[in-house]
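Shown below: upload_28.cif, with mmCIF, C-alpha atoms.
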data_query
#
loop_
_atom_site.label_atom_id
_atom_site.label_comp_id
_atom_site.auth_asym_id
_atom_site.auth_seq_id
_atom_site.Cartn_x
_atom_site.Cartn_y
_atom_site.Cartn_z
CA MET A 4 -26.91 34.75 -10.93
CA THR A 5 -24.96 31.72 -9.81
CA THR A 6 -23.87 30.88 -6.36
CA PRO A 7 -20.26 29.87 -5.92
CA THR A 8 -19.69 26.25 -5.05
CA PRO A 9 -18.45 26.03 -1.50
CA THR A 10 -14.96 24.68 -1.10
CA PRO A 11 -15.08 21.40 0.77
CA THR A 12 -13.48 21.63 4.16
CA PRO A 13 -10.76 19.06 4.75
CA SER A 14 -11.63 16.39 7.26
CA PRO A 15 -10.10 16.95 10.67
CA ALA A 16 -6.66 15.51 11.19
CA PRO A 17 -6.70 12.18 13.00
CA SER A 18 -4.94 11.98 16.31
CA LEU A 19 -1.73 9.99 16.01
CA ASP A 20 0.07 8.75 19.09
CA ASP A 21 3.70 7.70 18.61
CA ASP A 22 2.82 4.05 18.03
CA LEU A 23 0.14 4.80 15.44
CA GLN A 24 2.30 7.42 13.75
CA GLY A 25 5.12 4.89 13.46
CA ALA A 26 2.74 2.36 11.91
CA VAL A 27 1.43 4.92 9.41
CA LEU A 28 4.98 5.93 8.46
CA ALA A 29 5.87 2.26 7.97
CA ALA A 30 2.80 1.82 5.77
CA LEU A 31 3.82 4.87 3.76
CA GLY A 32 7.25 3.29 3.30
CA THR A 33 5.66 0.15 1.86
CA GLU A 34 3.58 2.27 -0.52
CA HIS A 35 6.74 4.05 -1.72
CA ALA A 36 8.42 0.69 -2.25
CA ALA A 37 5.41 -0.78 -4.06
CA VAL A 38 5.37 2.12 -6.53
CA TRP A 39 9.03 1.44 -7.29
CA VAL A 40 8.48 -2.32 -7.52
CA TYR A 41 5.79 -1.96 -10.16
CA GLY A 42 8.20 0.04 -12.31
CA LEU A 43 10.61 -2.89 -12.20
CA VAL A 44 7.89 -5.50 -12.61
CA SER A 45 6.58 -3.78 -15.74
CA ALA A 46 9.87 -4.51 -17.51
CA PHE A 47 9.53 -8.28 -17.06
CA VAL A 48 5.89 -9.31 -17.15
CA PRO A 49 4.02 -10.03 -20.38
CA ALA A 50 2.11 -7.25 -22.10
CA SER A 51 -1.12 -9.06 -21.23
CA THR A 52 -0.60 -7.99 -17.60
CA ALA A 53 0.06 -4.32 -18.40
CA SER A 54 -3.37 -3.19 -17.21
CA THR A 55 -2.90 -5.09 -13.92
CA VAL A 56 0.51 -3.49 -13.38
CA THR A 57 -0.84 -0.05 -14.24
CA ALA A 58 -3.84 -0.38 -11.94
CA ALA A 59 -1.73 -1.65 -9.03
CA ALA A 60 0.87 1.08 -9.43
CA LEU A 61 -1.84 3.74 -9.62
CA ALA A 62 -3.55 2.39 -6.49
CA HIS A 63 -0.27 2.57 -4.57
CA ARG A 64 0.49 6.10 -5.82
CA GLU A 65 -2.98 7.30 -4.85
CA ARG A 66 -2.75 5.69 -1.43
CA ARG A 67 0.74 7.10 -0.92
CA ASP A 68 -0.53 10.57 -1.79
CA ALA A 69 -3.51 10.18 0.56
CA VAL A 70 -1.18 9.23 3.42
CA VAL A 71 1.13 12.15 2.67
CA ALA A 72 -1.88 14.51 2.78
CA LEU A 73 -3.16 12.94 6.00
CA LEU A 74 0.24 13.25 7.66
CA ALA A 75 0.54 16.86 6.51
CA ARG A 76 -2.78 17.64 8.21
CA THR A 77 -1.35 16.25 11.46
CA GLY A 78 1.83 18.32 11.13
CA VAL A 79 4.06 15.32 10.35
CA THR A 80 6.53 15.70 7.50
CA PRO A 81 6.49 12.39 5.67
CA PRO A 82 9.77 10.96 4.45
CA PRO A 83 10.22 10.66 0.69
CA GLY A 84 10.59 7.33 -1.02
CA ALA A 85 14.04 5.92 -1.64
CA ALA A 86 15.65 6.26 -5.05
CA ALA A 87 15.72 2.47 -5.35
CA TYR A 88 14.99 -0.64 -3.31
CA ARG A 89 16.77 -4.00 -3.08
CA PRO A 90 14.49 -6.87 -4.10
CA PRO A 91 14.71 -9.91 -1.81
CA SER A 92 15.81 -12.01 -4.79
CA PRO A 93 16.96 -11.21 -8.34
CA VAL A 94 14.29 -10.31 -10.88
CA THR A 95 15.20 -11.99 -14.15
CA ASP A 96 11.93 -13.05 -15.77
CA ALA A 97 8.15 -12.81 -15.55
CA ALA A 98 7.85 -15.36 -12.73
CA SER A 99 10.42 -13.63 -10.52
CA ALA A 100 8.83 -10.26 -11.29
CA ALA A 101 5.40 -11.59 -10.31
CA ALA A 102 6.92 -13.04 -7.14
CA LEU A 103 8.36 -9.62 -6.30
CA ALA A 104 4.97 -7.97 -6.85
CA ALA A 105 3.43 -10.54 -4.46
CA VAL A 106 6.09 -9.72 -1.86
CA ALA A 107 5.38 -5.99 -2.25
CA GLU A 108 1.65 -6.57 -1.80
CA ASP A 109 2.28 -8.79 1.23
CA ASP A 110 4.47 -6.06 2.76
CA VAL A 111 1.76 -3.47 2.12
CA ALA A 112 -0.88 -5.75 3.66
CA ALA A 113 1.23 -6.33 6.77
CA ALA A 114 1.92 -2.63 7.24
CA TRP A 115 -1.70 -1.59 6.84
CA ARG A 116 -2.86 -4.40 9.10
CA ALA A 117 -0.59 -2.92 11.77
CA VAL A 118 -2.29 0.46 11.26
CA ALA A 119 -5.75 -1.11 11.48
CA GLU A 120 -4.78 -2.91 14.70
CA ARG A 121 -3.86 0.43 16.24
CA THR A 122 -7.15 2.15 15.43
CA GLU A 123 -10.53 1.69 17.07
CA PRO A 124 -13.56 0.53 15.07
CA ASP A 125 -15.77 3.34 16.37
CA THR A 126 -13.21 6.18 16.37
CA GLY A 127 -10.63 5.17 13.73
CA GLY A 128 -12.47 7.05 11.00
CA GLU A 129 -10.55 7.96 7.86
CA LEU A 130 -7.35 6.23 8.91
CA ARG A 131 -9.02 2.93 9.82
CA GLY A 132 -10.97 2.99 6.55
CA LEU A 133 -7.78 3.65 4.60
CA ALA A 134 -6.00 0.82 6.42
CA LEU A 135 -8.76 -1.72 5.84
CA ASP A 136 -9.15 -0.74 2.19
CA ALA A 137 -5.39 -1.02 1.66
CA LEU A 138 -5.20 -4.39 3.41
CA THR A 139 -8.06 -5.73 1.31
CA ALA A 140 -6.64 -4.37 -1.96
CA ALA A 141 -3.16 -5.75 -1.26
CA ALA A 142 -4.49 -9.18 -0.33
CA THR A 143 -6.64 -9.26 -3.47
CA THR A 144 -3.89 -8.04 -5.80
CA SER A 145 -1.35 -10.49 -4.40
CA VAL A 146 -3.53 -13.39 -5.58
CA THR A 147 -2.92 -12.39 -9.21
CA TRP A 148 0.82 -12.17 -8.71
CA ARG A 149 1.03 -15.44 -6.77
CA GLY A 150 -0.75 -17.18 -9.63
CA LEU A 151 1.63 -15.74 -12.23
CA ALA A 152 4.61 -16.67 -10.07
CA GLY A 153 3.33 -20.21 -9.59
CA ARG A 154 3.09 -19.84 -5.83
CA THR A 155 0.61 -21.56 -3.59
CA PRO A 156 -1.50 -21.01 -1.71
CA LEU A 157 -2.90 -18.22 -3.83
CA VAL A 158 -4.64 -16.69 -0.83
CA PRO A 159 -2.82 -16.56 2.53
CA ALA A 160 -4.87 -17.78 5.47
CA PHE A 161 -4.47 -14.47 7.29
CA PRO A 162 -3.50 -11.66 4.90
CA GLY A 163 -1.15 -9.16 6.45
CA ASP A 164 0.08 -11.40 9.26
CA GLY A 165 3.58 -11.50 7.78
CA THR A 166 3.66 -15.21 6.99
CA ALA A 167 2.50 -15.09 3.34
CA THR A 168 5.85 -14.47 1.66
#
Please express the file's structure as structure tokens.
Amino acid sequence: MTTPTPTPTPSPAPSLDDDLQGAVLAALGTEHAAVWVYGLVSAFVPASTASTVTAAALAHRERRDAVVALLARTGVTPPPGAAAYRPPSPVTDAASAAALAAVAEDDVAAAWRAVAERTEPDTGGELRGLALDALTAAATTSVTWRGLAGRTPLVPAFPGDGTAT
């Protein structure tokens, strides 16, 4: 006789005041945009970077889906991503595509930094962890793209402060 595996109970929904909810929605918007950006970037960068593009796009999709689930648990209906986004400059080759990926990662880092700043270290829980992981991942990934784009410094002094791009 086997015992059924208990279904894990979802973690309790975090409490989101208006300011924190706005920051989380902004972060979700940057995740939507990053997913779109990596589709465009994949058309211009060399095949040798395909695994980097794939991994980055997957990370943003997974984070986007985690935020959508978190918002659903709080009763907030998250907005869908846009059909397309306007890059800040034309993407015409591998360098400009890498530069766009760096911009996307910088935007993600800034948005998640804003979420982290609105959570408390001892009570932020799931949301603070998600924000810090996202900030770290975006800052790390942007180094690759800055290098391919020929941009310096490779590592911004304060990732997510909005001055890197």
Just say which residues the PyMOL selection byres ((chain A and resi 42) around 12) picks in this file, as an MDAnalysis selection string.
chainID A and resid 35:41 43:48 53 56:57 59:61 63:64 87:88 100 103:104
Nearest to Ser18 (chain A): which of A:Ala102, A:Ala160, A:Leu130, A:Ala30 is it, counting all atoms listed in the file?
A:Leu130
Can you turn the PyMOL selection byres ((chain A and resi 149) around 10) into a concrete residue list for this file, as a short mmCIF file (atom, residue, chain, number, x, y, z; two decimals) with C-alpha atoms, in the frame of the given file?
data_model
loop_
_atom_site.label_atom_id
_atom_site.label_comp_id
_atom_site.auth_asym_id
_atom_site.auth_seq_id
_atom_site.Cartn_x
_atom_site.Cartn_y
_atom_site.Cartn_z
CA ALA A 98 7.85 -15.36 -12.73
CA ALA A 101 5.40 -11.59 -10.31
CA ALA A 102 6.92 -13.04 -7.14
CA LEU A 103 8.36 -9.62 -6.30
CA ALA A 104 4.97 -7.97 -6.85
CA ALA A 105 3.43 -10.54 -4.46
CA VAL A 106 6.09 -9.72 -1.86
CA THR A 144 -3.89 -8.04 -5.80
CA SER A 145 -1.35 -10.49 -4.40
CA VAL A 146 -3.53 -13.39 -5.58
CA THR A 147 -2.92 -12.39 -9.21
CA TRP A 148 0.82 -12.17 -8.71
CA GLY A 150 -0.75 -17.18 -9.63
CA LEU A 151 1.63 -15.74 -12.23
CA ALA A 152 4.61 -16.67 -10.07
CA GLY A 153 3.33 -20.21 -9.59
CA ARG A 154 3.09 -19.84 -5.83
CA THR A 155 0.61 -21.56 -3.59
CA PRO A 156 -1.50 -21.01 -1.71
CA LEU A 157 -2.90 -18.22 -3.83
CA VAL A 158 -4.64 -16.69 -0.83
CA THR A 168 5.85 -14.47 1.66
#
List the spatial neighbours of Ala112 (chain A) as an MDAnalysis selection string - criterion: any atom at most 10 Å away, all atoms listed in the file, same-chain residues fewer than 4 positions off excluded.
chainID A and resid 30 33 106:108 116:118 134:143 145 162:165 167
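For the atom pair formed by CA of Val27 (chain A) and CA of Ser99 (chain A), the distance is 28.7 Å, given to one decimal.
Picture a line from CA of Val111 (chain A) to CA of Glu34 (chain A); it runs 6.6 Å.
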I'd like the interatomic distance between CA of Ala86 (chain A) and CA of Thr55 (chain A), to a tenth of an Å.
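Between CA of Ala86 (chain A) and CA of Thr55 (chain A) the gap works out to 23.5 Å.
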At most 10 Å from (-0.7, 17.0, 12.2), file frame, all atoms listed in the file: which residues, as a PDB file with C-alpha atoms, in the frame of the given file?
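Saved file selection13.pdb follows:
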ATOM      1  CA  PRO A  15     -10.100  16.950  10.670  1.00  0.00           C
ATOM      2  CA  ALA A  16      -6.660  15.510  11.190  1.00  0.00           C
ATOM      3  CA  PRO A  17      -6.700  12.180  13.000  1.00  0.00           C
ATOM      4  CA  SER A  18      -4.940  11.980  16.310  1.00  0.00           C
ATOM      5  CA  LEU A  19      -1.730   9.990  16.010  1.00  0.00           C
ATOM      6  CA  ALA A  72      -1.880  14.510   2.780  1.00  0.00           C
ATOM      7  CA  LEU A  73      -3.160  12.940   6.000  1.00  0.00           C
ATOM      8  CA  LEU A  74       0.240  13.250   7.660  1.00  0.00           C
ATOM      9  CA  ALA A  75       0.540  16.860   6.510  1.00  0.00           C
ATOM     10  CA  ARG A  76      -2.780  17.640   8.210  1.00  0.00           C
ATOM     11  CA  THR A  77      -1.350  16.250  11.460  1.00  0.00           C
ATOM     12  CA  GLY A  78       1.830  18.320  11.130  1.00  0.00           C
ATOM     13  CA  VAL A  79       4.060  15.320  10.350  1.00  0.00           C
ATOM     14  CA  THR A  80       6.530  15.700   7.500  1.00  0.00           C
TER      15      THR A  80
END
If you count all atoms listed in the file, the residue of A:Pro124, A:Gly132, A:Pro81, A:Pro159 closest to Leu31 (chain A) turns out to be A:Pro81
Return as a PDB file with C-alpha atoms, in the coordinates of the input the set of residues that the PyMOL selection byres ((chain A and resi 22) around 12) yields on the displayed structure.
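selection_26.pdb written:
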ATOM      1  CA  SER A  18      -4.940  11.980  16.310  1.00  0.00           C
ATOM      2  CA  LEU A  19      -1.730   9.990  16.010  1.00  0.00           C
ATOM      3  CA  ASP A  20       0.070   8.750  19.090  1.00  0.00           C
ATOM      4  CA  ASP A  21       3.700   7.700  18.610  1.00  0.00           C
ATOM      5  CA  LEU A  23       0.140   4.800  15.440  1.00  0.00           C
ATOM      6  CA  GLN A  24       2.300   7.420  13.750  1.00  0.00           C
ATOM      7  CA  GLY A  25       5.120   4.890  13.460  1.00  0.00           C
ATOM      8  CA  ALA A  26       2.740   2.360  11.910  1.00  0.00           C
ATOM      9  CA  VAL A  27       1.430   4.920   9.410  1.00  0.00           C
ATOM     10  CA  LEU A  28       4.980   5.930   8.460  1.00  0.00           C
ATOM     11  CA  ALA A  29       5.870   2.260   7.970  1.00  0.00           C
ATOM     12  CA  ALA A 117      -0.590  -2.920  11.770  1.00  0.00           C
ATOM     13  CA  VAL A 118      -2.290   0.460  11.260  1.00  0.00           C
ATOM     14  CA  ALA A 119      -5.750  -1.110  11.480  1.00  0.00           C
ATOM     15  CA  GLU A 120      -4.780  -2.910  14.700  1.00  0.00           C
ATOM     16  CA  ARG A 121      -3.860   0.430  16.240  1.00  0.00           C
ATOM     17  CA  THR A 122      -7.150   2.150  15.430  1.00  0.00           C
TER      18      THR A 122
END
